[in-house]
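Listing of query.txt, compact mmCIF, C-alpha atoms and all ligand atoms
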```txt
# COMPACT_ATOMS: atom_id res chain seq x y z
CA MET A 147 66.95 56.59 84.25
CA LYS A 148 65.86 53.08 83.25
CA LYS A 149 65.83 52.50 79.52
CA PHE A 150 62.29 52.81 78.16
CA LEU A 151 61.25 51.94 74.62
CA LYS A 152 59.07 55.04 74.37
CA LYS A 153 58.95 58.15 76.52
CA ILE A 154 55.53 59.71 76.39
CA LEU A 155 54.40 63.09 77.68
CA LEU A 156 50.66 62.67 78.21
CA THR A 157 48.82 65.89 79.07
CA GLY A 158 45.48 66.00 80.86
CA GLY A 159 45.88 62.48 82.26
CA ALA A 160 43.83 63.21 85.40
CA GLY A 161 40.71 64.09 83.40
CA PHE A 162 38.09 61.69 82.07
CA ILE A 163 39.62 60.38 78.84
CA GLY A 164 43.15 61.00 80.14
CA THR A 165 42.57 58.74 83.15
CA ASN A 166 41.27 55.91 80.99
CA VAL A 167 44.05 56.27 78.42
CA THR A 168 46.80 56.57 81.04
CA LYS A 169 45.70 53.42 82.86
CA TYR A 170 45.35 51.55 79.58
CA LEU A 171 48.85 52.47 78.38
CA VAL A 172 50.63 52.11 81.74
CA ARG A 173 49.25 48.58 82.13
CA LYS A 174 49.69 47.49 78.54
CA TYR A 175 53.20 48.87 78.01
CA PRO A 176 55.48 48.42 81.03
CA GLN A 177 58.35 49.13 78.62
CA TYR A 178 57.05 52.68 77.95
CA LEU A 179 57.43 55.62 80.32
CA ILE A 180 54.32 57.74 80.74
CA VAL A 181 54.68 61.17 82.30
CA ASN A 182 51.27 62.62 83.08
CA LEU A 183 51.26 66.43 83.13
CA ASP A 184 48.03 67.87 84.49
CA LYS A 185 47.10 71.19 86.05
CA LEU A 186 44.36 69.54 88.14
CA THR A 187 41.61 71.98 87.31
CA TYR A 188 38.11 71.21 88.60
CA ALA A 189 38.04 68.43 85.96
CA GLY A 190 41.29 66.73 86.99
CA ASN A 191 41.27 64.27 89.84
CA LEU A 192 44.43 62.58 91.02
CA THR A 193 42.59 59.94 93.04
CA ASN A 194 41.46 58.47 89.69
CA LEU A 195 44.99 57.18 89.29
CA THR A 196 45.83 55.77 92.73
CA ASP A 197 45.89 52.19 91.43
CA ILE A 198 48.74 52.94 89.01
CA GLU A 199 50.57 55.72 90.87
CA ASN A 200 53.37 53.41 92.06
CA GLN A 201 54.00 51.73 88.73
CA PRO A 202 57.67 52.11 87.72
CA ASN A 203 56.69 53.31 84.22
CA TYR A 204 54.41 56.12 85.45
CA THR A 205 55.07 59.60 86.85
CA PHE A 206 52.72 62.45 87.64
CA VAL A 207 53.65 66.12 87.37
CA LYS A 208 51.26 68.85 88.44
CA GLY A 209 51.58 71.77 86.06
CA ASP A 210 50.16 73.93 83.34
CA ILE A 211 50.78 73.43 79.61
CA LEU A 212 51.14 77.23 79.47
CA ASP A 213 54.26 77.04 81.68
CA SER A 214 57.15 77.03 79.18
CA ASN A 215 59.85 76.68 81.83
CA LEU A 216 58.24 73.56 83.19
CA LEU A 217 57.75 72.07 79.71
CA ASN A 218 61.40 72.72 78.85
CA ARG A 219 62.56 71.10 82.08
CA LEU A 220 60.38 68.06 81.43
CA PHE A 221 61.62 67.67 77.84
CA GLU A 222 65.24 67.98 79.05
CA THR A 223 64.77 65.48 81.85
CA TYR A 224 62.77 62.84 80.05
CA ARG A 225 63.75 63.30 76.37
CA PHE A 226 60.22 62.51 75.19
CA ASP A 227 59.71 61.01 71.75
CA THR A 228 55.90 61.17 71.89
CA VAL A 229 53.39 63.76 73.06
CA LEU A 230 49.80 62.64 73.64
CA HIS A 231 47.98 65.91 74.08
CA LEU A 232 44.63 65.60 75.84
CA ALA A 233 44.70 68.54 78.27
CA ALA A 234 41.90 70.97 77.51
CA GLU A 235 38.94 72.83 78.81
CA SER A 236 36.26 70.49 77.51
CA HIS A 237 32.73 71.56 78.44
CA VAL A 238 30.61 73.47 75.91
CA ASP A 239 28.37 75.10 78.56
CA ARG A 240 31.40 76.44 80.43
CA SER A 241 32.82 77.76 77.15
CA ILE A 242 29.62 79.74 76.65
CA GLU A 243 30.05 81.25 80.16
CA SER A 244 33.82 81.95 79.97
CA PRO A 245 35.41 81.54 76.54
CA GLY A 246 38.72 83.08 77.68
CA ASN A 247 39.80 79.96 79.61
CA PHE A 248 39.25 77.94 76.44
CA VAL A 249 41.45 80.23 74.38
CA ARG A 250 44.18 80.13 77.02
CA THR A 251 44.40 76.37 77.54
CA ASN A 252 43.16 74.97 74.24
CA VAL A 253 44.77 77.43 71.85
CA LEU A 254 47.70 79.09 73.63
CA GLY A 255 48.48 75.97 75.68
CA THR A 256 48.60 73.81 72.56
CA VAL A 257 50.83 76.32 70.75
CA ASN A 258 53.13 76.40 73.77
CA LEU A 259 53.41 72.63 73.69
CA LEU A 260 54.05 72.66 69.94
CA ASN A 261 56.81 75.26 70.41
CA THR A 262 58.47 73.17 73.09
CA ALA A 263 58.34 69.98 71.02
CA ARG A 264 59.73 71.82 68.02
CA LYS A 265 62.57 73.28 70.06
CA HIS A 266 63.58 69.92 71.54
CA TRP A 267 62.97 67.75 68.50
CA LYS A 268 65.71 68.99 66.19
CA ASN A 269 65.60 65.59 64.53
CA PRO A 270 61.95 64.63 63.91
CA GLU A 271 62.88 60.96 63.29
CA GLY A 272 60.88 58.69 65.60
CA LYS A 273 58.94 61.58 67.16
CA LEU A 274 55.19 62.09 67.24
CA PHE A 275 52.99 64.93 68.43
CA TYR A 276 49.52 63.37 68.73
CA HIS A 277 46.74 65.89 69.25
CA ILE A 278 43.39 64.60 70.57
CA SER A 279 40.49 66.61 69.20
CA THR A 280 36.76 66.54 68.73
CA ASP A 281 34.21 66.09 65.95
CA GLU A 282 32.67 69.40 67.11
CA VAL A 283 35.21 71.24 64.93
CA TYR A 284 33.12 70.14 61.91
CA GLY A 285 30.02 71.98 63.13
CA SER A 286 26.47 70.72 63.18
CA LEU A 287 24.76 68.17 60.91
CA GLY A 288 21.12 68.10 59.84
CA ASP A 289 19.19 64.85 59.98
CA GLU A 290 21.35 63.24 57.27
CA GLY A 291 25.07 62.78 56.59
CA GLN A 292 28.23 62.10 58.59
CA PHE A 293 31.51 63.90 59.25
CA THR A 294 34.51 62.57 57.33
CA GLU A 295 38.16 63.61 57.62
CA THR A 296 37.65 66.02 54.71
CA THR A 297 34.54 67.77 56.04
CA CYS A 298 35.21 71.52 56.23
CA TYR A 299 35.73 73.01 59.66
CA ASP A 300 32.72 74.98 60.88
CA PRO A 301 32.96 75.27 64.68
CA ARG A 302 29.99 76.91 66.34
CA SER A 303 30.60 76.96 70.11
CA PRO A 304 33.54 78.69 71.81
CA TYR A 305 34.78 75.23 72.83
CA ALA A 306 34.62 73.94 69.25
CA ALA A 307 36.27 77.12 67.96
CA SER A 308 39.15 76.74 70.40
CA LYS A 309 39.68 73.09 69.42
CA ALA A 310 39.47 73.97 65.72
CA ALA A 311 42.11 76.67 66.24
CA SER A 312 44.36 74.19 68.03
CA ASP A 313 43.94 71.63 65.21
CA HIS A 314 44.92 74.30 62.66
CA PHE A 315 48.04 75.19 64.66
CA VAL A 316 49.03 71.53 64.91
CA ARG A 317 48.78 71.14 61.11
CA ALA A 318 50.53 74.46 60.54
CA TYR A 319 53.50 73.25 62.61
CA MET A 320 53.77 70.20 60.39
CA HIS A 321 53.60 72.16 57.13
CA THR A 322 55.81 75.02 58.31
CA TYR A 323 58.38 73.35 60.55
CA GLY A 324 58.11 69.68 59.62
CA LEU A 325 56.88 68.63 63.08
CA PRO A 326 55.53 65.05 62.85
CA VAL A 327 51.92 65.35 63.96
CA VAL A 328 48.77 63.30 63.90
CA ILE A 329 45.24 64.34 64.90
CA SER A 330 42.15 62.36 65.81
CA ASN A 331 38.67 63.85 66.04
CA CYS A 332 36.26 61.77 68.05
CA SER A 333 32.61 61.83 68.99
CA ASN A 334 31.09 62.10 72.49
CA ASN A 335 32.80 59.76 74.92
CA TYR A 336 31.14 58.14 77.92
CA GLY A 337 32.25 55.74 80.64
CA PRO A 338 33.94 55.71 84.07
CA TYR A 339 35.51 58.87 85.55
CA GLN A 340 33.58 61.40 83.43
CA PHE A 341 32.94 64.58 85.35
CA PRO A 342 29.22 64.94 86.14
CA GLU A 343 28.77 68.11 84.15
CA LYS A 344 28.45 66.18 80.87
CA LEU A 345 25.10 64.69 79.91
CA ILE A 346 25.49 61.04 80.95
CA PRO A 347 27.18 61.32 84.36
CA LEU A 348 25.15 64.43 85.25
CA MET A 349 21.94 62.49 84.65
CA ILE A 350 23.15 59.41 86.55
CA ASN A 351 24.11 61.59 89.52
CA ASN A 352 20.77 63.38 89.49
CA ILE A 353 18.79 60.16 89.13
CA ILE A 354 20.63 58.73 92.16
CA GLU A 355 19.92 61.91 94.12
CA GLU A 356 16.36 62.25 92.79
CA LYS A 357 17.07 65.73 91.45
CA PRO A 358 15.54 67.29 88.30
CA LEU A 359 16.98 66.06 84.98
CA PRO A 360 17.50 69.14 82.78
CA VAL A 361 17.04 68.23 79.10
CA TYR A 362 17.86 71.09 76.75
CA GLY A 363 15.13 72.09 74.27
CA ARG A 364 12.96 69.05 73.51
CA GLY A 365 15.82 66.54 73.81
CA GLN A 366 15.81 65.86 70.05
CA ASN A 367 19.51 66.69 69.44
CA VAL A 368 21.59 63.69 68.44
CA ARG A 369 25.05 62.65 69.62
CA ASP A 370 27.16 59.64 68.58
CA TRP A 371 28.33 57.89 71.78
CA LEU A 372 31.76 56.29 71.98
CA TYR A 373 32.70 54.11 74.96
CA VAL A 374 35.91 55.53 76.41
CA GLU A 375 37.80 52.20 76.33
CA ASP A 376 37.13 51.92 72.60
CA HIS A 377 38.61 55.40 72.31
CA ALA A 378 41.68 54.34 74.32
CA ARG A 379 42.23 51.43 71.92
CA ALA A 380 41.95 53.77 68.95
CA ILE A 381 44.49 56.17 70.46
CA ASP A 382 46.89 53.28 71.09
CA LEU A 383 46.55 52.19 67.47
CA ILE A 384 46.96 55.67 66.00
CA MET A 385 50.00 56.34 68.19
CA HIS A 386 51.66 53.19 66.81
CA LYS A 387 50.30 52.89 63.27
CA GLY A 388 48.87 56.28 62.34
CA ARG A 389 50.62 58.03 59.46
CA PRO A 390 52.20 61.37 60.45
CA GLY A 391 50.29 64.24 58.87
CA GLU A 392 47.03 62.27 58.82
CA THR A 393 43.73 62.86 60.57
CA TYR A 394 41.53 60.02 61.83
CA ASN A 395 37.89 60.31 62.84
CA ILE A 396 36.79 58.07 65.70
CA GLY A 397 33.11 57.37 66.35
CA GLY A 398 30.95 54.91 68.22
CA ASN A 399 28.36 54.15 65.51
CA ASN A 400 25.87 54.79 68.31
CA GLU A 401 23.66 57.72 67.38
CA ARG A 402 21.02 58.55 69.97
CA LYS A 403 18.63 61.42 70.68
CA ASN A 404 19.36 63.01 74.06
CA ILE A 405 15.89 62.24 75.39
CA ASP A 406 16.32 58.55 74.54
CA VAL A 407 19.65 58.51 76.39
CA VAL A 408 18.13 60.12 79.47
CA GLU A 409 15.15 57.76 79.49
CA LYS A 410 17.44 54.75 79.13
CA LEU A 411 19.56 56.02 82.04
CA CYS A 412 16.41 56.31 84.17
CA GLU A 413 15.43 52.73 83.40
CA ILE A 414 18.85 51.20 84.05
CA THR A 415 19.67 53.24 87.15
CA ASP A 416 16.25 52.55 88.67
CA GLU A 417 16.61 48.86 87.91
CA LEU A 418 20.06 48.62 89.47
CA LEU A 419 18.91 50.61 92.51
CA GLY A 420 15.88 48.34 92.89
CA ARG A 421 13.44 51.20 92.40
CA SER A 422 10.01 50.12 91.25
CA PRO A 423 8.83 50.37 88.61
CA ALA A 424 12.15 50.75 86.77
CA GLY A 425 11.89 54.03 84.84
CA ILE A 426 9.98 55.86 87.54
CA SER A 427 12.77 58.48 87.54
CA LYS A 428 11.55 59.69 84.13
CA GLY A 429 9.21 61.81 86.22
CA LEU A 430 12.28 63.92 87.11
CA ILE A 431 12.83 64.98 83.46
CA ARG A 432 12.45 68.74 82.89
CA PHE A 433 12.66 70.30 79.43
CA VAL A 434 14.62 73.49 80.00
CA GLN A 435 15.74 76.44 77.92
CA ASP A 436 17.92 75.26 75.04
CA ARG A 437 21.70 75.74 74.99
CA ALA A 438 22.72 78.82 72.98
CA GLY A 439 23.76 77.76 69.47
CA HIS A 440 23.05 74.10 70.32
CA ASP A 441 24.53 71.88 67.59
CA TRP A 442 21.77 69.68 66.21
CA ARG A 443 23.52 66.44 65.39
CA TYR A 444 26.98 64.87 65.28
CA ALA A 445 27.77 61.64 63.41
CA ILE A 446 31.06 60.13 62.34
CA ASP A 447 32.02 58.16 59.28
CA THR A 448 34.62 55.69 60.62
CA THR A 449 35.57 54.20 57.24
CA LYS A 450 39.12 55.55 57.22
CA ILE A 451 40.25 54.26 60.61
CA LYS A 452 38.48 50.97 59.94
CA ASN A 453 40.05 50.42 56.52
CA GLN A 454 43.50 51.82 57.22
CA LEU A 455 44.09 50.78 60.84
CA GLY A 456 41.55 48.02 61.39
CA TRP A 457 39.80 49.75 64.29
CA GLN A 458 36.13 49.66 65.03
CA PRO A 459 34.13 50.24 68.20
CA GLU A 460 33.51 47.04 70.19
CA VAL A 461 31.17 48.22 72.92
CA ASP A 462 27.59 48.83 71.83
CA PHE A 463 25.49 51.42 73.60
CA GLU A 464 23.35 48.96 75.61
CA GLU A 465 26.43 47.29 77.05
CA GLY A 466 28.43 50.49 77.55
CA ILE A 467 25.67 52.41 79.26
CA ARG A 468 25.02 49.54 81.69
CA LYS A 469 28.73 49.32 82.54
CA THR A 470 28.80 53.06 83.04
CA VAL A 471 25.79 53.23 85.36
CA ARG A 472 27.22 50.32 87.36
CA TRP A 473 30.54 52.11 87.71
CA TYR A 474 28.91 55.29 89.06
CA LEU A 475 26.75 53.29 91.46
CA ASN A 476 29.82 51.45 92.72
CA ASN A 477 31.78 54.68 93.04
CA ARG A 478 29.42 56.97 94.88
CA ASP A 479 32.27 58.27 97.07
CA TRP A 480 33.98 59.50 93.90
CA LEU A 481 30.75 61.19 92.80
CA LYS A 482 30.32 62.80 96.23
CA LYS A 483 33.90 64.02 96.23
CA VAL A 484 33.77 65.66 92.81
CA THR A 485 30.33 67.19 93.31
CA THR A 486 31.28 69.27 96.33
CA GLY A 487 33.15 72.58 96.44
CA GLU A 488 33.37 74.59 93.22
CA TYR A 489 30.96 72.22 91.47
CA ARG A 490 28.14 73.04 93.84
CA THR A 491 28.45 76.80 93.24
CA TYR A 492 28.55 76.34 89.47
CA TYR A 493 25.56 74.04 89.44
CA GLU A 494 23.42 76.00 91.85
CA LYS A 495 23.84 78.96 89.50
CA MET A 496 23.10 76.86 86.41
CA TYR A 497 19.98 75.28 87.91
CA LYS A 498 18.71 78.69 89.02
CA ASN A 499 19.25 80.07 85.50
CA LYS A 500 17.20 77.17 84.15
CA GLY A 501 14.39 77.83 86.60
CA LEU A 502 14.90 74.49 88.42
P1 LIG A 601 38.32 66.65 80.95
O1 LIG A 601 37.78 68.03 81.11
O2 LIG A 601 37.68 65.53 81.72
O3 LIG A 601 39.87 66.65 81.40
C1 LIG A 601 40.76 67.63 80.99
C2 LIG A 601 42.02 67.49 81.81
O4 LIG A 601 42.95 68.50 81.37
C3 LIG A 601 41.81 67.71 83.30
O5 LIG A 601 42.49 66.71 84.04
C4 LIG A 601 42.42 69.07 83.57
O6 LIG A 601 42.95 69.22 84.88
C5 LIG A 601 43.53 69.13 82.51
N1 LIG A 601 43.87 70.51 82.14
C6 LIG A 601 43.03 71.52 81.84
N2 LIG A 601 43.71 72.65 81.58
C7 LIG A 601 45.03 72.33 81.71
C8 LIG A 601 46.25 73.06 81.54
N3 LIG A 601 46.23 74.36 81.21
N4 LIG A 601 47.42 72.43 81.73
C9 LIG A 601 47.44 71.11 82.08
N5 LIG A 601 46.33 70.37 82.27
C10 LIG A 601 45.15 70.97 82.08
O7 LIG A 601 38.36 66.35 79.41
P2 LIG A 601 38.13 64.99 78.62
O8 LIG A 601 36.69 64.80 78.41
O9 LIG A 601 38.91 63.92 79.26
O10 LIG A 601 38.77 65.35 77.21
C11 LIG A 601 40.13 65.09 76.93
C12 LIG A 601 40.46 65.56 75.52
O11 LIG A 601 39.62 64.90 74.59
C13 LIG A 601 40.21 67.07 75.31
O12 LIG A 601 41.23 67.56 74.50
C14 LIG A 601 38.87 67.12 74.63
O13 LIG A 601 38.77 68.27 73.81
C15 LIG A 601 38.93 65.85 73.81
N6 LIG A 601 37.61 65.28 73.50
C16 LIG A 601 36.75 64.93 74.49
C17 LIG A 601 35.51 64.37 74.18
C18 LIG A 601 34.55 63.92 75.25
O14 LIG A 601 33.47 63.45 74.92
N7 LIG A 601 34.87 64.02 76.51
C19 LIG A 601 35.15 64.17 72.85
C20 LIG A 601 36.06 64.57 71.86
C21 LIG A 601 37.28 65.09 72.19
P1 LIG A 602 27.49 67.30 76.65
O1 LIG A 602 27.65 66.05 77.45
O2 LIG A 602 27.68 68.62 77.32
O3 LIG A 602 28.43 67.15 75.38
P2 LIG A 602 28.52 68.05 74.02
O4 LIG A 602 27.81 69.32 74.25
O5 LIG A 602 29.99 68.24 73.90
O6 LIG A 602 27.92 67.21 72.94
O7 LIG A 602 26.01 67.30 76.02
C1 LIG A 602 25.56 66.22 75.24
C2 LIG A 602 24.18 66.58 74.74
O8 LIG A 602 23.27 66.65 75.86
C3 LIG A 602 24.09 67.95 74.09
O9 LIG A 602 23.19 67.89 72.99
C4 LIG A 602 23.55 68.86 75.16
C5 LIG A 602 22.66 67.95 75.98
N1 LIG A 602 22.57 68.25 77.42
C6 LIG A 602 21.30 68.37 78.03
O10 LIG A 602 20.24 68.23 77.38
N2 LIG A 602 21.25 68.63 79.36
C7 LIG A 602 22.38 68.80 80.13
O11 LIG A 602 22.27 69.07 81.35
C8 LIG A 602 23.65 68.68 79.49
C9 LIG A 602 24.92 68.85 80.27
C10 LIG A 602 23.70 68.38 78.13
```

For this file, produce the structure as C-alpha cells.
Ligand code: NAD
Ligand code: TYD
Amino acid sequence: MKKFLKKILLTGGAGFIGTNVTKYLVRKYPQYLIVNLDKLTYAGNLTNLTDIENQPNYTFVKGDILDSNLLNRLFETYRFDTVLHLAAESHVDRSIESPGNFVRTNVLGTVNLLNTARKHWKNPEGKLFYHISTDEVYGSLGDEGQFTETTCYDPRSPYAASKAASDHFVRAYMHTYGLPVVISNCSNNYGPYQFPEKLIPLMINNIIEEKPLPVYGRGQNVRDWLYVEDHARAIDLIMHKGRPGETYNIGGNNERKNIDVVEKLCEITDELLGRSPAGISKGLIRFVQDRAGHDWRYAIDTTKIKNQLGWQPEVDFEEGIRKTVRWYLNNRDWLKKVTTGEYRTYYEKMYKNKGL
C-alpha cells in the first residue's frame, strides 16, 4: 500500500454530512487515505460520490458498523490512525416511529467501533477517535440561552437519547481505557445532498412539486442552521487541532423560526423557478399536528471553538439557503432518484397520518 500520512476510517460517508466531509477531505488531503464505510441505508447514496470514486486516496466499503469481523479486517488491512464516526440513524421522526434502529446503529454500533479501535490501538500515540454528535443531546431551550460544552445532557427524543448514550460511551472509553477521543456537537446542518425527509430539502422538494408543506404546530420552534461546508471545515480543524478528551460545540449563529425558513424557501424557490409572484408557494403551507415531544429551541454558544481553534461559520443563512435551493434545482434527477421506492411508502403513510 502507498504510504499515506494519515489513514482515516470515515463511517457514514454516503449520507448527507458524510458526503460533504468525504469530498472535502479527499480533495484537500491527497496525502491522506480515506476509507468510507457505509451500510447504504435509505439515507446513504453512493452516486453522491461518483466524482471522487476513482481518487487514489479514497476507497468505499459497503458494510455495517455492527459487523465486528468486517471492522477487524478493515483495521488489520488499513492500520487506521483516525476514526471519523458519522454513521447514524439521524431523523427524529423516524426515531419516534422505530427507536430500535437508533439503539442498534447509534448506541451498539458506536460501542462496536470503540471496541475495535481499542483492540487495534494498543499504543494510543497519534490515534484519534472523533465522534460526530448533535446539540440535541442537551435537550430543549426556552426563548433565552444557548448550549455550551458544559450544559447538562437532557435528551428528549429517541434519536437524541441514542446520540447522548453514544457520547457517554465515547467518553467512558477515554476515562476507562485511555482511548484518545474527541466529540463535537453541532446544530442543524443544511446544504447539498441532504435527504428530503429533513425540513429544508423536504420543503424544497414539495415546493418544486407543488405539494403541501407540512409545518409542525404553528411553526414557532427555532433551530440554529449551519451550512454543511462550514461544518466540514470545523471537522477538519478539530481532527487536526482538537485536544483529545475535549468536546466542541459547532453552530451556525443562524437562529430561525421554522415558519420563517419555510416562507423564505417559498420565495427563493419560486423566484429561481420563475414563478410569479415569488412566494406564491406559501399557499401550500399546512399547519399540521405537532411532533411528539417537539423540542422548542436549539442554540449554540460557539465561543470555545472560536477562541481555541479559530473557527467560525462563514456562510450566512441568506447565502447558504440560496446555494442550497440552487443545488436542488440543478439536481432534480438526484431528488427524483432518492424520493422513489421506500421513501414513497414512508411519506405516503406520514402524509396520511397528518391528514394531508
Ligand atoms: P444521514 O442520515 O444523512 O447519513 C447517515 C449515513 O450513515 C448514511 O449514509 C447511512 O447509510 C449510514 N449508516 C446508517 N447506519 C449505518 C450502519 N449501521 N453502518 C454503517 N453505516 C450506516 O445523516 P447525516 O445528517 O449526514 O448525519 C451524520 C452524523 O452527523 C450523524 O451522526 C448525526 O447524528 C450527526 N448530526 C447530524 C446533524 C444534521 O443536521 N444532519 C446535526 C448534528 C449531528
Ligand atoms: P428536522 O429537519 O427533522 O431536524 P431536527 O428535528 O433534528 O431539528 O426538523 C427541523 C425542524 O422543522 C423541527 O423543529 C421540526 C420541523 N419540521 C416541520 O415543521 N415539518 C416537517 O415536515 C419536518 C420534517 C420538520

- Quick one: residues within 6 Å of Tyr204 (chain A), only C-alpha atoms counted, chain neighbours fewer than 2 positions away excluded, as JSON, numbers by chain? {"A": [179, 180, 181, 201, 202]}

Kindly assemble as a Markdown table a list of the chain A residues that lie within 6 Å of ligand LIG 601 (chain A), each paired with its nearest atom pair and their distance in Å to one decimal, using all atoms listed in the file, sorted first by chain and then by ascending residue number.
```
| residue | atom | partner | partner_atom | distance |
| --- | --- | --- | --- | --- |
| A:Gly158 | CA | A:LIG601 | O4 | 3.6 |
| A:Gly159 | CA | A:LIG601 | O5 | 5.7 |
| A:Ala160 | CA | A:LIG601 | O5 | 4.0 |
| A:Gly161 | CA | A:LIG601 | O5 | 3.2 |
| A:Phe162 | CA | A:LIG601 | O9 | 3.7 |
| A:Ile163 | CA | A:LIG601 | O9 | 3.6 |
| A:Gly164 | CA | A:LIG601 | O9 | 5.2 |
| A:Asp184 | CA | A:LIG601 | N5 | 3.8 |
| A:Lys185 | CA | A:LIG601 | N5 | 3.9 |
| A:Leu186 | CA | A:LIG601 | O6 | 3.6 |
| A:Thr187 | CA | A:LIG601 | O6 | 3.9 |
| A:Ala189 | CA | A:LIG601 | C3 | 4.7 |
| A:Gly190 | CA | A:LIG601 | O5 | 3.2 |
| A:Gly209 | CA | A:LIG601 | C9 | 5.8 |
| A:Asp210 | CA | A:LIG601 | N4 | 3.5 |
| A:Ile211 | CA | A:LIG601 | N4 | 4.1 |
| A:Leu212 | CA | A:LIG601 | N3 | 5.9 |
| A:Leu232 | CA | A:LIG601 | O12 | 4.1 |
| A:Ala233 | CA | A:LIG601 | O4 | 3.6 |
| A:Ala234 | CA | A:LIG601 | C6 | 4.5 |
| A:Glu235 | CA | A:LIG601 | C6 | 5.3 |
| A:Ser236 | CA | A:LIG601 | O1 | 4.6 |
| A:Thr251 | CA | A:LIG601 | N3 | 4.6 |
| A:Ile278 | CA | A:LIG601 | O12 | 5.4 |
| A:Ser279 | CA | A:LIG601 | C21 | 4.6 |
| A:Thr280 | CA | A:LIG601 | C20 | 3.8 |
| A:Cys332 | CA | A:LIG601 | C20 | 4.7 |
| A:Ser333 | CA | A:LIG601 | C19 | 5.2 |
| A:Asn334 | CA | A:LIG601 | O14 | 3.7 |
| A:Asn335 | CA | A:LIG601 | O14 | 3.8 |
```

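Interatomic distance, CA of Tyr373 (chain A) against CA of Tyr170 (chain A): 13.7 Å.
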
- Task: Write out as a VMD selection string each polymer residue (protein, DNA or RNA) that has an atom no more than 9 Å from ligand LIG 602 (chain A), with all atoms listed in the file counted.
- Result: chain A and resid 236 to 239 280 282 305 to 306 333 to 336 342 to 349 359 to 370 403 to 405 407 to 408 433 to 434 436 to 437 440 to 444

- Can you tell me, as a list in words, what residues are no more than 7 Å from region 215-226 of chain A when counting all atoms listed in the file, ignoring any on the same chain fewer than 5 positions away?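 The neighbour list is Lys153, Ile154, Leu155, Thr262 and His266 of chain A.
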
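Considering only C-alpha atoms, the residue among A:Leu171, A:Leu455, A:Ala445, A:Val471 positioned nearest to Gln340 (chain A) is A:Val471.
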
- Task: Could you check how far CA of Asp281 (chain A) sits from CA of Asn331 (chain A), in Å to one decimal?
- Result: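 It comes out at 5.0 Å.
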
- For Lys500 (chain A), which residue out of A:Glu413, A:Gln435, A:Ile350, A:Pro459 is the nearest one, using all atoms listed in the file? A:Gln435

- Task: Go through A:Lys450, A:Lys149, A:Lys482, A:Arg240 one by one, measure the shortest atom-to-atom distance of each to Tyr394 (chain A) using only C-alpha atoms, and give the residue with the smallest value.
- Result: A:Lys450

- Item | Distance criterion (only C-alpha atoms): nearest to Trp473 (chain A) out of A:His386, A:Gly337, A:Thr449, A:Lys410 |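 Selected residue with least distance to Trp473 (chain A): A:Gly337.
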
- Task: Might you pull out every residue within 10 Å of Thr193 (chain A), with only C-alpha atoms counted and same-chain residues fewer than 5 positions away left off, and present them as number ranges by chain?
- Result: A: 160, 165, 199, 480

Just C-alpha atoms for this one: save the residues we selected as a tab-separated table (two decimals), keeping the file's coordinate frame.
```tsv
chain	number	residue	atom	x	y	z
A	160	ALA	CA	43.83	63.21	85.40
A	165	THR	CA	42.57	58.74	83.15
A	199	GLU	CA	50.57	55.72	90.87
A	480	TRP	CA	33.98	59.50	93.90
```

- Pick from A:Ser214, A:Asn400, A:Ser422, A:Asn351, whichever lies nearest to Lys265 (chain A) using all atoms listed in the file: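 For Lys265 (chain A), the nearest of the candidates is A:Ser214.
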
- Could you check how far CA of Val253 (chain A) sits from CA of Tyr493 (chain A), in Å to one decimal? 26.3 Å

- Selected residue of minimal separation from Gly391 (chain A) among A:Leu481, A:Leu254, A:Val327, A:Val207, counting only C-alpha atoms: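 Distance minimum relative to Gly391 (chain A) lands on A:Val327.
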
- Query: Which neighbours of Ser427 (chain A) fall inside 9 Å, counting all atoms listed in the file, when residues of the same chain fewer than 2 positions from it are skipped, and could you give them as a list in words?
  - Reply: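 Neighbouring residues, sequence-local ones excluded: Ile353, Glu356, Glu409, Cys412, Glu413, Thr415, Asp416, Arg421, Ala424, Gly425, Gly429, Leu430 and Ile431 of chain A.
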
- Item | Selection as a PyMOL selection string: residues within 10 Å of (62.4, 66.8, 69.2), counting all atoms listed in the file | chain A and resi 221+225-228+262-275+325-326

Could you name the residues that touch Ser308 (chain A) at 7 Å or less, counting all atoms listed in the file, but leaving out those on the same chain fewer than 4 positions away, as a CSV table (one decimal) with C-alpha atoms, keeping the file's coordinate frame?
```csv
chain,number,residue,atom,x,y,z
A,248,PHE,CA,39.2,77.9,76.4
A,249,VAL,CA,41.4,80.2,74.4
A,252,ASN,CA,43.2,75.0,74.2
A,253,VAL,CA,44.8,77.4,71.8
A,304,PRO,CA,33.5,78.7,71.8
A,312,SER,CA,44.4,74.2,68.0
```
